[in-house]
file protein.cif (mmCIF, C-alpha atoms and all ligand atoms)
data_structure
#
loop_
_atom_site.label_atom_id
_atom_site.label_comp_id
_atom_site.auth_asym_id
_atom_site.auth_seq_id
_atom_site.Cartn_x
_atom_site.Cartn_y
_atom_site.Cartn_z
CA MET A 41 0.00 0.00 0.00
CA ALA A 42 1.32 3.46 -0.86
CA PRO A 43 2.23 5.62 2.16
CA LEU A 44 -0.51 7.89 3.49
CA TRP A 45 0.44 11.51 3.10
CA LYS A 46 -0.92 14.56 4.86
CA GLU A 47 -0.57 17.88 3.05
CA ASN A 48 0.80 21.14 4.42
CA PHE A 49 1.57 19.68 7.86
CA SER A 50 3.00 21.78 10.71
CA LEU A 51 6.29 20.55 12.22
CA LYS A 52 6.15 22.94 15.17
CA GLN A 53 5.27 20.21 17.68
CA LEU A 54 7.77 17.82 16.10
CA ASN A 55 10.99 19.71 16.87
CA THR A 56 11.99 20.56 20.43
CA PHE A 57 13.15 24.05 19.42
CA GLY A 58 9.53 24.64 18.46
CA PHE A 59 10.34 26.37 15.16
CA ASP A 60 7.39 26.74 12.88
CA ALA A 61 8.37 24.84 9.73
CA ARG A 62 5.89 22.98 7.51
CA ALA A 63 5.94 19.82 5.40
CA ARG A 64 4.28 19.98 2.01
CA ARG A 65 3.75 16.22 2.39
CA PHE A 66 4.02 14.41 5.71
CA THR A 67 3.77 10.74 6.63
CA GLU A 68 4.20 8.73 9.82
CA LEU A 69 5.92 5.33 9.74
CA GLN A 70 4.08 3.29 12.35
CA LYS A 71 4.34 -0.29 11.15
CA ARG A 72 6.85 -2.36 9.24
CA GLU A 73 4.41 -2.35 6.27
CA ASP A 74 4.50 1.47 6.20
CA LEU A 75 8.24 1.24 5.96
CA ASP A 76 8.14 -1.38 3.18
CA ALA A 77 5.71 0.75 1.19
CA PHE A 78 7.88 3.77 1.76
CA PHE A 79 11.00 1.97 0.56
CA GLU A 80 9.32 0.88 -2.67
CA ARG A 81 9.77 4.46 -3.86
CA GLY A 82 13.56 3.98 -3.79
CA ARG A 83 14.45 7.35 -2.32
CA ALA A 84 14.82 9.02 1.05
CA PRO A 85 12.33 11.61 2.28
CA GLU A 86 13.75 15.09 2.26
CA LEU A 87 13.66 14.97 6.06
CA LEU A 88 13.38 12.05 8.48
CA LEU A 89 12.43 12.92 12.03
CA GLY A 90 12.61 10.96 15.26
CA ALA A 91 11.62 13.07 18.26
CA GLY A 92 13.15 16.17 16.66
CA SER A 93 15.31 16.84 19.74
CA ASN A 94 18.59 17.35 17.90
CA VAL A 95 17.59 19.25 14.77
CA LEU A 96 17.42 22.87 13.75
CA LEU A 97 14.80 23.16 11.00
CA LEU A 98 16.30 26.00 9.03
CA ARG A 99 13.78 26.07 6.22
CA GLU A 100 10.19 27.18 6.47
CA GLU A 101 9.00 24.43 4.17
CA TYR A 102 10.15 20.88 3.41
CA GLU A 103 8.88 18.87 0.47
CA GLU A 104 8.53 15.44 2.12
CA VAL A 105 8.88 14.63 5.79
CA ALA A 106 8.60 11.21 7.44
CA LEU A 107 8.21 10.67 11.18
CA ASN A 108 9.57 7.45 12.62
CA SER A 109 7.14 5.84 15.08
CA LEU A 110 8.12 2.18 14.67
CA LYS A 111 7.54 0.47 18.01
CA GLY A 112 8.40 -2.83 19.67
CA SER A 113 11.24 -4.74 21.26
CA ARG A 114 12.37 -8.37 21.37
CA LEU A 115 14.50 -10.26 23.84
CA LEU A 116 16.99 -12.02 21.55
CA ASP A 117 18.75 -14.15 24.15
CA GLU A 118 19.95 -14.13 27.73
CA ASN A 119 22.47 -15.83 29.96
CA GLU A 120 23.39 -15.61 33.64
CA ASP A 121 25.06 -12.24 33.19
CA SER A 122 23.26 -10.36 30.45
CA VAL A 123 20.43 -10.00 27.97
CA ARG A 124 20.44 -9.02 24.32
CA LEU A 125 17.56 -6.81 23.31
CA ALA A 126 16.47 -5.66 19.83
CA VAL A 127 14.55 -2.39 19.97
CA ALA A 128 12.58 -0.76 17.15
CA SER A 129 13.99 2.62 16.22
CA GLY A 130 10.83 4.64 16.90
CA GLU A 131 10.70 3.68 20.59
CA ILE A 132 11.27 6.58 22.99
CA TRP A 133 14.72 6.34 24.55
CA HIS A 134 13.80 7.31 28.13
CA GLU A 135 10.85 4.90 28.17
CA LEU A 136 13.26 2.14 27.19
CA VAL A 137 15.59 3.16 30.03
CA LEU A 138 12.74 2.93 32.56
CA GLN A 139 11.45 -0.39 31.17
CA THR A 140 14.89 -2.01 31.28
CA LEU A 141 15.46 -0.84 34.86
CA GLN A 142 12.12 -2.32 35.81
CA GLN A 143 13.27 -5.66 34.37
CA SER A 144 16.52 -5.36 36.38
CA TRP A 145 18.56 -5.04 33.19
CA TYR A 146 21.31 -2.50 33.68
CA GLY A 147 23.55 -0.23 31.66
CA LEU A 148 21.22 2.58 30.60
CA GLU A 149 20.70 4.27 33.99
CA ASN A 150 23.23 7.10 33.39
CA LEU A 151 21.46 7.84 30.10
CA SER A 152 18.11 8.53 31.78
CA LEU A 153 15.94 11.36 30.50
CA ILE A 154 17.84 11.96 27.25
CA PRO A 155 15.09 12.97 24.84
CA GLY A 156 14.69 11.28 21.47
CA THR A 157 14.13 7.96 19.79
CA VAL A 158 16.15 4.77 20.03
CA GLY A 159 17.02 4.96 16.32
CA ALA A 160 18.74 8.33 16.65
CA ALA A 161 20.84 7.18 19.63
CA PRO A 162 23.66 5.59 17.57
CA ILE A 163 23.87 8.58 15.22
CA GLN A 164 25.67 10.74 17.75
CA ASN A 165 26.47 7.93 20.19
CA ILE A 166 24.37 9.63 22.87
CA GLY A 167 26.15 10.14 26.14
CA ALA A 168 25.72 11.62 29.59
CA TYR A 169 27.07 11.37 33.13
CA GLY A 170 30.05 9.18 32.29
CA VAL A 171 28.38 6.70 29.90
CA GLU A 172 27.93 6.58 26.14
CA LEU A 173 25.69 4.33 24.08
CA GLU A 174 28.87 2.62 22.88
CA SER A 175 29.15 0.71 26.17
CA VAL A 176 25.91 -1.22 25.53
CA LEU A 177 25.49 -1.16 21.74
CA GLU A 178 25.94 -4.47 19.90
CA GLU A 179 24.46 -3.86 16.47
CA VAL A 180 22.49 -1.48 14.33
CA LEU A 181 20.17 -2.74 11.61
CA ALA A 182 19.72 -0.15 8.92
CA ARG A 183 18.19 -0.04 5.46
CA GLU A 184 19.91 1.79 2.68
CA TRP A 185 17.54 4.31 1.11
CA SER A 186 18.86 3.85 -2.42
CA THR A 187 18.63 0.03 -2.55
CA GLY A 188 16.27 -0.96 0.28
CA GLU A 189 18.93 -3.43 1.42
CA LEU A 190 18.93 -4.22 5.15
CA ARG A 191 22.44 -4.02 6.55
CA ARG A 192 23.85 -5.13 9.87
CA PHE A 193 26.41 -2.79 11.45
CA SER A 194 28.53 -4.17 14.30
CA ARG A 195 29.63 -1.74 16.99
CA GLU A 196 32.97 -1.37 15.18
CA ASP A 197 31.22 -0.68 11.86
CA CYS A 198 29.34 2.17 13.55
CA GLN A 199 32.69 3.95 14.24
CA LEU A 200 31.38 5.52 17.41
CA GLY A 201 33.20 8.45 18.97
CA TYR A 202 32.34 11.44 21.14
CA ARG A 203 28.99 12.62 19.65
CA ASP A 204 30.06 10.94 16.42
CA SER A 205 29.52 7.87 14.24
CA PHE A 206 29.64 6.51 10.70
CA PHE A 207 26.02 7.73 10.35
CA LYS A 208 27.16 11.35 10.80
CA ARG A 209 30.03 10.95 8.33
CA ALA A 210 30.26 8.62 5.31
CA GLY A 211 26.83 7.14 6.10
CA LYS A 212 25.11 10.52 6.55
CA GLY A 213 21.58 10.55 5.11
CA ARG A 214 22.10 7.17 3.42
CA PHE A 215 20.37 4.84 5.90
CA PHE A 216 17.17 4.40 7.82
CA ILE A 217 18.07 2.93 11.21
CA GLU A 218 15.39 0.34 11.83
CA GLU A 219 16.49 -1.57 14.90
CA VAL A 220 19.14 -1.22 17.59
CA VAL A 221 20.53 -4.23 19.47
CA LEU A 222 21.74 -3.64 23.03
CA ARG A 223 23.57 -5.89 25.49
CA LEU A 224 22.43 -5.13 29.04
CA SER A 225 23.84 -6.51 32.24
CA LYS A 226 22.01 -8.38 34.97
CA ARG A 227 24.67 -7.25 37.44
CA PRO A 228 23.96 -3.90 39.09
CA ASP A 229 27.45 -2.39 38.70
CA VAL A 230 27.08 1.37 38.63
CA ASN A 231 29.24 3.96 36.87
CA LEU A 232 29.93 6.93 39.18
CA SER A 233 32.81 8.43 37.21
CA TYR A 234 31.03 11.77 36.65
CA GLY A 235 31.71 14.20 39.51
CA ALA A 236 28.32 15.92 39.49
CA LEU A 237 26.60 12.52 39.78
CA ARG A 238 28.72 11.43 42.77
CA GLN A 239 28.08 14.77 44.46
CA MET A 240 24.32 14.49 43.97
CA LEU A 241 24.27 10.96 45.47
CA GLU A 242 26.40 12.16 48.40
CA ARG A 243 24.00 15.03 49.02
CA GLN A 244 21.17 12.51 49.00
CA GLY A 245 23.06 10.44 51.60
CA ILE A 246 23.25 7.37 49.33
CA SER A 247 26.60 5.63 49.81
CA GLU A 248 25.98 2.44 47.82
CA PRO A 249 23.67 3.49 45.02
CA SER A 250 21.66 1.01 42.99
CA PRO A 251 21.17 1.59 39.23
CA GLN A 252 17.71 2.93 40.11
CA ASP A 253 19.29 5.46 42.51
CA VAL A 254 21.66 6.50 39.72
CA SER A 255 18.77 6.93 37.30
CA ARG A 256 16.84 9.08 39.82
CA ALA A 257 19.93 11.20 40.57
CA VAL A 258 20.64 11.75 36.87
CA ILE A 259 17.02 12.80 36.35
CA GLU A 260 17.27 15.25 39.24
CA ILE A 261 20.51 16.82 37.96
CA ARG A 262 19.14 17.10 34.43
CA GLN A 263 15.91 18.71 35.62
CA SER A 264 17.85 21.24 37.67
CA LYS A 265 20.13 22.31 34.78
CA LEU A 266 18.50 21.75 31.45
CA PRO A 267 15.37 23.59 30.31
CA ALA A 268 12.42 21.29 29.53
CA PRO A 269 11.65 21.72 25.82
CA GLU A 270 7.92 21.90 26.63
CA GLN A 271 8.67 25.12 28.53
CA ILE A 272 11.52 26.65 26.51
CA GLY A 273 12.46 25.42 23.05
CA ASN A 274 15.95 23.87 22.92
CA ALA A 275 17.91 20.91 21.59
CA GLY A 276 20.25 20.26 24.54
CA SER A 277 23.90 21.18 23.97
CA PHE A 278 24.16 23.19 20.77
CA PHE A 279 27.93 22.61 20.39
CA LYS A 280 30.29 19.79 21.26
CA ASN A 281 32.93 20.25 23.93
CA PRO A 282 36.26 20.88 22.14
CA VAL A 283 38.88 18.13 22.41
CA LEU A 284 42.60 18.96 22.08
CA SER A 285 45.53 16.57 21.83
CA GLY A 286 49.30 16.61 22.18
CA LEU A 287 51.16 19.89 21.88
CA ALA A 288 47.99 21.82 21.05
CA ALA A 289 46.53 20.71 24.40
CA GLN A 290 49.69 21.60 26.34
CA HIS A 291 50.01 25.04 24.71
CA TRP A 292 46.38 25.82 25.26
CA LEU A 293 46.58 24.89 28.94
CA GLU A 294 49.64 27.11 29.35
CA LEU A 295 47.72 30.05 27.91
CA PHE A 296 44.48 29.37 29.79
CA SER A 297 45.60 27.65 32.97
CA GLU A 298 42.43 28.73 34.80
CA ALA A 299 40.18 26.80 32.38
CA PRO A 300 38.32 23.75 33.70
CA HIS A 301 39.16 20.65 31.67
CA TYR A 302 38.95 16.87 31.79
CA VAL A 303 41.99 14.82 30.92
CA LEU A 304 40.93 11.98 28.63
CA GLU A 305 44.45 10.58 28.21
CA PHE A 306 47.83 11.13 29.90
CA ASP A 307 51.25 10.72 28.25
CA GLU A 308 54.01 8.48 29.70
CA GLU A 309 55.23 11.32 31.93
CA GLY A 310 51.79 11.84 33.39
CA ARG A 311 51.11 15.07 31.49
CA PRO A 312 47.71 15.65 29.90
CA LEU A 313 47.77 14.27 26.34
CA THR A 314 44.13 14.65 25.34
CA ILE A 315 41.81 17.11 27.06
CA LYS A 316 38.16 18.05 26.78
CA ILE A 317 37.23 21.66 27.55
CA PRO A 318 33.67 22.50 28.59
CA ALA A 319 32.21 24.66 25.81
CA ALA A 320 29.73 26.04 28.36
CA TRP A 321 32.64 27.63 30.24
CA LEU A 322 34.11 29.15 27.06
CA ILE A 323 30.73 30.61 26.13
CA GLU A 324 30.12 31.90 29.64
CA GLN A 325 33.58 33.55 29.73
CA CYS A 326 32.67 35.39 26.52
CA GLY A 327 29.70 36.89 28.35
CA TRP A 328 26.92 35.05 26.60
CA LYS A 329 25.27 33.19 29.46
CA GLY A 330 21.65 34.28 29.94
CA ARG A 331 21.78 36.76 27.04
CA ARG A 332 18.68 37.15 24.92
CA ARG A 333 18.35 38.32 21.31
CA GLY A 334 14.68 38.81 20.55
CA ALA A 335 13.08 35.37 20.46
CA VAL A 336 16.30 33.41 20.93
CA GLY A 337 19.08 33.32 23.50
CA VAL A 338 21.56 31.48 25.69
CA HIS A 339 20.10 29.61 28.66
CA GLN A 340 20.60 31.14 32.12
CA ARG A 341 21.69 27.95 33.86
CA GLN A 342 23.60 26.20 31.05
CA ALA A 343 25.51 28.34 28.57
CA LEU A 344 25.84 25.47 26.08
CA VAL A 345 22.09 25.37 25.55
CA LEU A 346 20.66 27.83 23.03
CA VAL A 347 16.98 28.50 23.47
CA HIS A 348 13.97 29.64 21.48
CA TYR A 349 11.39 31.53 23.54
CA GLY A 350 8.73 31.26 20.83
CA GLY A 351 7.72 33.16 17.73
CA GLY A 352 11.29 33.34 16.36
CA LYS A 353 13.03 32.01 13.28
CA ALA A 354 15.60 29.23 13.10
CA ARG A 355 17.93 31.51 11.17
CA GLU A 356 17.99 33.95 14.11
CA LEU A 357 19.19 31.14 16.34
CA LEU A 358 21.77 30.06 13.77
CA ALA A 359 23.04 33.66 13.51
CA LEU A 360 23.37 33.85 17.30
CA SER A 361 25.26 30.52 17.29
CA GLU A 362 27.67 31.87 14.68
CA GLU A 363 28.36 34.97 16.73
CA ILE A 364 29.10 32.77 19.71
CA GLN A 365 31.48 30.66 17.61
CA GLU A 366 33.28 33.81 16.46
CA SER A 367 33.72 35.26 19.92
CA VAL A 368 34.96 31.95 21.37
CA TYR A 369 37.43 31.67 18.49
CA GLU A 370 38.70 35.23 19.00
CA ARG A 371 39.19 34.87 22.72
CA PHE A 372 40.30 31.23 23.03
CA GLY A 373 41.43 30.20 19.53
CA LEU A 374 39.03 27.25 19.59
CA GLU A 375 36.46 26.34 16.95
CA LEU A 376 33.19 25.19 18.44
CA GLU A 377 31.71 22.38 16.36
CA ARG A 378 27.91 22.14 16.19
CA GLU A 379 26.28 19.14 17.82
CA VAL A 380 22.79 19.94 16.60
CA ASN A 381 21.95 18.84 13.04
CA VAL A 382 21.03 21.80 10.86
CA VAL A 383 18.61 20.36 8.30
P1 LIG B 401 16.03 13.80 15.70
O1 LIG B 401 16.36 15.13 16.27
O2 LIG B 401 14.66 13.55 15.23
O3 LIG B 401 17.05 13.49 14.51
C1 LIG B 401 18.42 13.75 14.63
C2 LIG B 401 19.10 13.34 13.31
O4 LIG B 401 19.06 11.92 13.17
C3 LIG B 401 18.40 13.89 12.06
O5 LIG B 401 19.39 14.17 11.12
C4 LIG B 401 17.51 12.73 11.61
O6 LIG B 401 17.25 12.74 10.21
C5 LIG B 401 18.36 11.53 11.99
N1 LIG B 401 17.56 10.35 12.34
C6 LIG B 401 16.64 10.26 13.34
N2 LIG B 401 16.15 9.01 13.40
C7 LIG B 401 16.78 8.29 12.45
C8 LIG B 401 16.69 6.94 12.01
N3 LIG B 401 15.86 6.06 12.57
N4 LIG B 401 17.49 6.53 10.97
C9 LIG B 401 18.34 7.41 10.37
N5 LIG B 401 18.45 8.71 10.73
C10 LIG B 401 17.68 9.14 11.77
N6 LIG B 401 22.12 14.11 23.56
C11 LIG B 401 23.09 13.42 24.22
O7 LIG B 401 23.86 12.67 23.60
N7 LIG B 401 23.24 13.54 25.57
C12 LIG B 401 22.44 14.32 26.32
O8 LIG B 401 22.60 14.38 27.52
C13 LIG B 401 21.41 15.05 25.66
N8 LIG B 401 20.59 15.86 26.37
C14 LIG B 401 19.59 16.55 25.72
C15 LIG B 401 18.74 17.35 26.48
C16 LIG B 401 17.71 18.04 25.88
C17 LIG B 401 16.79 18.90 26.73
C18 LIG B 401 17.51 17.92 24.47
C19 LIG B 401 16.37 18.63 23.83
C20 LIG B 401 18.35 17.14 23.70
C21 LIG B 401 19.42 16.44 24.32
N9 LIG B 401 20.32 15.63 23.60
C22 LIG B 401 21.29 14.90 24.25
C23 LIG B 401 20.19 15.52 22.13
C24 LIG B 401 19.16 14.46 21.69
O9 LIG B 401 18.41 14.02 22.77
C25 LIG B 401 19.83 13.25 21.02
O10 LIG B 401 20.66 13.65 19.95
C26 LIG B 401 18.81 12.23 20.50
O11 LIG B 401 19.48 11.03 20.17
C27 LIG B 401 18.03 12.76 19.29
O12 LIG B 401 16.98 11.85 19.00
P2 LIG B 401 15.75 12.26 18.10
O13 LIG B 401 14.92 11.05 17.89
O14 LIG B 401 15.07 13.43 18.69
O15 LIG B 401 16.48 12.66 16.73
N1 LIG B 402 29.91 25.13 32.88
C1 LIG B 402 30.06 26.50 32.84
N2 LIG B 402 28.96 27.26 32.62
C2 LIG B 402 27.73 26.72 32.45
C3 LIG B 402 27.56 25.32 32.52
C4 LIG B 402 28.69 24.53 32.73
O1 LIG B 402 31.16 27.02 32.98
O2 LIG B 402 26.78 27.49 32.22
C5 LIG B 402 31.11 24.30 33.04
C6 LIG B 402 31.37 23.83 34.45
O3 LIG B 402 32.80 23.83 34.63
C7 LIG B 402 30.87 22.41 34.44
C8 LIG B 402 31.19 21.97 33.02
O4 LIG B 402 30.99 23.13 32.24
O5 LIG B 402 31.53 21.60 35.38
C9 LIG B 402 30.38 20.81 32.49
O6 LIG B 402 28.99 21.10 32.56
P1 LIG B 402 27.89 19.96 32.52
O7 LIG B 402 28.18 18.91 33.55
O8 LIG B 402 26.56 20.61 32.55
O9 LIG B 402 28.13 19.24 31.13
P2 LIG B 402 28.40 19.78 29.64
O10 LIG B 402 29.82 19.45 29.30
O11 LIG B 402 27.96 21.18 29.46
C10 LIG B 402 27.84 17.49 28.55
C11 LIG B 402 27.03 17.00 27.39
C12 LIG B 402 25.57 16.90 27.78
C13 LIG B 402 25.44 15.91 28.93
C14 LIG B 402 26.28 16.40 30.11
C15 LIG B 402 26.34 15.39 31.22
C16 LIG B 402 28.18 17.66 25.37
C17 LIG B 402 28.21 18.54 24.19
N3 LIG B 402 27.20 17.87 26.25
O12 LIG B 402 27.42 18.82 28.81
O13 LIG B 402 24.83 16.42 26.67
O14 LIG B 402 24.10 15.77 29.34
O15 LIG B 402 27.65 16.61 29.66
O16 LIG B 402 27.12 14.32 30.85
O17 LIG B 402 29.03 16.79 25.49
C18 LIG B 402 23.64 17.07 24.72
O18 LIG B 402 24.49 16.42 24.09
O19 LIG B 402 22.69 17.64 24.16
C19 LIG B 402 23.78 17.17 26.17
C20 LIG B 402 22.94 17.85 26.92
#
call {"tool": "encode", "arguments": {"input": "protein.cif", "output": "structure tokens"}}
result
Amino acid sequence: MAPLWKENFSLKQLNTFGFDARARRFTELQKREDLDAFFERGRAPELLLGAGSNVLLLREEYEEVALNSLKGSRLLDENEDSVRLAVASGEIWHELVLQTLQQSWYGLENLSLIPGTVGAAPIQNIGAYGVELESVLEEVLAREWSTGELRRFSREDCQLGYRDSFFKRAGKGRFFIEEVVLRLSKRPDVNLSYGALRQMLERQGISEPSPQDVSRAVIEIRQSKLPAPEQIGNAGSFFKNPVLSGLAAQHWLELFSEAPHYVLEFDEEGRPLTIKIPAAWLIEQCGWKGRRRGAVGVHQRQALVLVHYGGGKARELLALSEEIQESVYERFGLELEREVNVV
């Protein structure tokens, strides 16, 4: 059956920035048959949306937009230590996190409350509070738009990095991610490597936290820092945190010794080899935190989050983001790379 299209459809509720773009033709993929019918056409839609929580819709009109709502999950196998779970790409990530915790399957607790769909998670290797998808991802099943061929990508094939993957590079726009296979643990080992998470648990007086405690603490931290998109339009961090290596890292730290940074790797002499610098700090130092420009601005509590107060245009937000990039480059010599997908 041919896909069902709606004409002149508003995308305002389908992107967390809340920008008012429209689709000339819009369809929702709810069942595998919808997907099959869609693939018979042999071409990608102009825009594919999951939960729209990491996109900036720059145009006012798109020709063809498809929304991924494919649901379902299957337990593939289990042993004493772990389970392997295949999850349809249109499932909501945070609901999956809560369901797995309820089953006493662990590994997703630090990734609680990240907005979005399961299918978008491998694209930027979602991460938070010391954990990235990479630590639980086994496989991605994706169909190539041009051929309809279903391909299996191992974790290595996905080339996951910090907010990065094959699907953001050579595979960009070429695949529909249909299913994601995760390996979750039955052992409640928790990851407390992130300082803010340890501090929150200490404040709560929890000395031996369970994965559920970790999930609740992560939710509390996130709610205290990040604006809820239902209240203020945003897409989480707008830029990635810059990463410097080798001499560039050492020189930069000599120039800006007061800058907070995380050492990702040390050299043999114990000096920082690879460092990550919080972009929020760079932006705040340049005086942007809490500043507003008409309908858009920089969030008051988290300078890495650009916000849309309503009634504005995506290009205003993009212009603000470019000004921020320029001022950070002038003051710190660092190029901020966008995390959000401008589409
Ligand atoms: P969308 O925004 O709908 O799409 C993103 C891109 O992926 C688009 O290019 C789209 O075409 C493509 N795409 C989507 N689905 C598929 C598919 N099935 N197959 C192929 N391509 C697809 N991210 C983090 O990593 N860590 C965080 O802590 C975090 N916090 C956030 C907090 C807030 C308040 C918000 C709003 C966002 C945050 N994000 C975070 C970003 C966002 O949650 C993730 O990037 C998420 O994975 C996006 O999912 P989505 O379904 O909304 O993708
Ligand atoms: N900071 C400031 N000013 C601010 C906010 C933060 O100077 O306004 C500094 C502080 O030094 C703070 C540090 O930045 O210690 C780090 O801040 P935070 O813990 O809030 O994390 P982040 O680096 O800003 C990253 C991710 C988030 C993720 C959190 C928690 C990126 C681009 N962002 O933010 O992911 O939730 O860590 O792990 O890596 C997203 O990708 O959309 C996202 C929200």
call {"tool": "closest_atom_pairs", "arguments": {"input": "protein.cif", "of": "range 90-201 of chain A", "to": "range 350-368 of chain A", "cutoff": "10 Å", "atoms": "all atoms listed in the file", "output": "JSON lines"}}
result
{"residue": "A:Leu96", "atom": "CA", "partner": "A:Ala354", "partner_atom": "CA", "distance": 6.6}
{"residue": "A:Leu97", "atom": "CA", "partner": "A:Ala354", "partner_atom": "CA", "distance": 6.5}
{"residue": "A:Leu98", "atom": "CA", "partner": "A:Ala354", "partner_atom": "CA", "distance": 5.2}
{"residue": "A:Arg99", "atom": "CA", "partner": "A:Ala354", "partner_atom": "CA", "distance": 7.8}
{"residue": "A:Glu100", "atom": "CA", "partner": "A:Ala354", "partner_atom": "CA", "distance": 8.8}
call {"tool": "write_last_selection", "arguments": {"input": "protein.cif", "atoms": "C-alpha atoms", "output": "short mmCIF file (atom, residue, chain, number, x, y, z; two decimals), keeping the file's coordinate frame"}}
result
data_model
loop_
_atom_site.label_atom_id
_atom_site.label_comp_id
_atom_site.auth_asym_id
_atom_site.auth_seq_id
_atom_site.Cartn_x
_atom_site.Cartn_y
_atom_site.Cartn_z
CA LEU A 96 17.42 22.87 13.75
CA LEU A 97 14.80 23.16 11.00
CA LEU A 98 16.30 26.00 9.03
CA ARG A 99 13.78 26.07 6.22
CA GLU A 100 10.19 27.18 6.47
#
call {"tool": "residues_near_ligand", "arguments": {"input": "protein.cif", "ligand": "ligand LIG 402 (chain B)", "cutoff": "8 Å", "atoms": "all atoms listed in the file", "output": "PyMOL selection string"}}
result
chain A and resi 94+154+166-171+202-203+234+236+262+265-266+275-281+300-301+317-325+329+339-345+379-380
call {"tool": "atom_distance", "arguments": {"input": "protein.cif", "atom1": "CA of Gly147 in chain A", "atom2": "atom C8 of ligand LIG 401 (chain B)"}}
result
22.0 Å
call {"tool": "residues_near_ligand", "arguments": {"input": "protein.cif", "ligand": "ligand LIG 401 (chain B)", "cutoff": "7 Å", "atoms": "all atoms listed in the file", "output": "PyMOL selection string"}}
result
chain A and resi 56+87-95+108+129-130+154-161+163-168+203+213+215-218+266-269+274-277+381+383
call {"tool": "atom_distance", "arguments": {"input": "protein.cif", "atom1": "CA of Met41 in chain A", "atom2": "CA of Phe78 in chain A"}}
result
8.9 Å
call {"tool": "closest_residue", "arguments": {"input": "protein.cif", "among": "A:Asn48, A:Ser122, A:Gln244, A:Ser109", "to": "Glu68 in chain A", "atoms": "all atoms listed in the file"}}
result
A:Ser109
call {"tool": "residues_around", "arguments": {"input": "protein.cif", "residues": "Tyr302 in chain A", "least_positions_apart": "5", "cutoff": "10 Å", "atoms": "only C-alpha atoms", "output": "ChimeraX atom specification"}}
result
/A:283,312,314-318
call {"tool": "atom_distance", "arguments": {"input": "protein.cif", "atom1": "CA of Phe193 in chain A", "atom2": "CA of Leu138 in chain A"}}
result
25.8 Å
call {"tool": "residues_around", "arguments": {"input": "protein.cif", "residues": "range 135-137 of chain A", "least_positions_apart": "2", "cutoff": "9 Å", "atoms": "only C-alpha atoms", "output": "list in words"}}
result
Val127, Glu131, Ile132, Trp133, Gln139, Thr140, Leu141, Gln142, Tyr146, Gly147, Leu148, Glu149, Leu151, Ser152, Leu153, Val158 and Ser255 of chain A
call {"tool": "write_last_selection", "arguments": {"input": "protein.cif", "atoms": "C-alpha atoms", "output": "PDB file, keeping the file's coordinate frame"}}
result
ATOM      1  CA  VAL A 127      14.550  -2.390  19.970  1.00  0.00           C
ATOM      2  CA  GLU A 131      10.700   3.680  20.590  1.00  0.00           C
ATOM      3  CA  ILE A 132      11.270   6.580  22.990  1.00  0.00           C
ATOM      4  CA  TRP A 133      14.720   6.340  24.550  1.00  0.00           C
ATOM      5  CA  GLN A 139      11.450  -0.390  31.170  1.00  0.00           C
ATOM      6  CA  THR A 140      14.890  -2.010  31.280  1.00  0.00           C
ATOM      7  CA  LEU A 141      15.460  -0.840  34.860  1.00  0.00           C
ATOM      8  CA  GLN A 142      12.120  -2.320  35.810  1.00  0.00           C
ATOM      9  CA  TYR A 146      21.310  -2.500  33.680  1.00  0.00           C
ATOM     10  CA  GLY A 147      23.550  -0.230  31.660  1.00  0.00           C
ATOM     11  CA  LEU A 148      21.220   2.580  30.600  1.00  0.00           C
ATOM     12  CA  GLU A 149      20.700   4.270  33.990  1.00  0.00           C
ATOM     13  CA  LEU A 151      21.460   7.840  30.100  1.00  0.00           C
ATOM     14  CA  SER A 152      18.110   8.530  31.780  1.00  0.00           C
ATOM     15  CA  LEU A 153      15.940  11.360  30.500  1.00  0.00           C
ATOM     16  CA  VAL A 158      16.150   4.770  20.030  1.00  0.00           C
ATOM     17  CA  SER A 255      18.770   6.930  37.300  1.00  0.00           C
TER      18      SER A 255
END
call {"tool": "closest_residue", "arguments": {"input": "protein.cif", "among": "A:Gly286, A:Gly273, A:Pro228, A:Gly82", "to": "Glu248 in chain A", "atoms": "only C-alpha atoms"}}
result
A:Pro228
call {"tool": "residues_near_point", "arguments": {"input": "protein.cif", "point": "(52.1, 11.7, 25.1)", "cutoff": "12 Å", "atoms": "all atoms listed in the file", "output": "list in words"}}
result
Ser285, Gly286, Leu287, Ala288, Ala289, Gln290, Leu304, Glu305, Phe306, Asp307, Glu308, Glu309, Gly310, Arg311, Pro312, Leu313, Thr314 and Ile315 of chain A
call {"tool": "write_last_selection", "arguments": {"input": "protein.cif", "atoms": "C-alpha atoms", "output": "JSON list (two decimals), in the coordinates of the input"}}
result
[["chain", "number", "residue", "atom", "x", "y", "z"],
["A", 285, "SER", "CA", 45.53, 16.57, 21.83],
["A", 286, "GLY", "CA", 49.30, 16.61, 22.18],
["A", 287, "LEU", "CA", 51.16, 19.89, 21.88],
["A", 288, "ALA", "CA", 47.99, 21.82, 21.05],
["A", 289, "ALA", "CA", 46.53, 20.71, 24.40],
["A", 290, "GLN", "CA", 49.69, 21.60, 26.34],
["A", 304, "LEU", "CA", 40.93, 11.98, 28.63],
["A", 305, "GLU", "CA", 44.45, 10.58, 28.21],
["A", 306, "PHE", "CA", 47.83, 11.13, 29.90],
["A", 307, "ASP", "CA", 51.25, 10.72, 28.25],
["A", 308, "GLU", "CA", 54.01, 8.48, 29.70],
["A", 309, "GLU", "CA", 55.23, 11.32, 31.93],
["A", 310, "GLY", "CA", 51.79, 11.84, 33.39],
["A", 311, "ARG", "CA", 51.11, 15.07, 31.49],
["A", 312, "PRO", "CA", 47.71, 15.65, 29.90],
["A", 313, "LEU", "CA", 47.77, 14.27, 26.34],
["A", 314, "THR", "CA", 44.13, 14.65, 25.34],
["A", 315, "ILE", "CA", 41.81, 17.11, 27.06]]
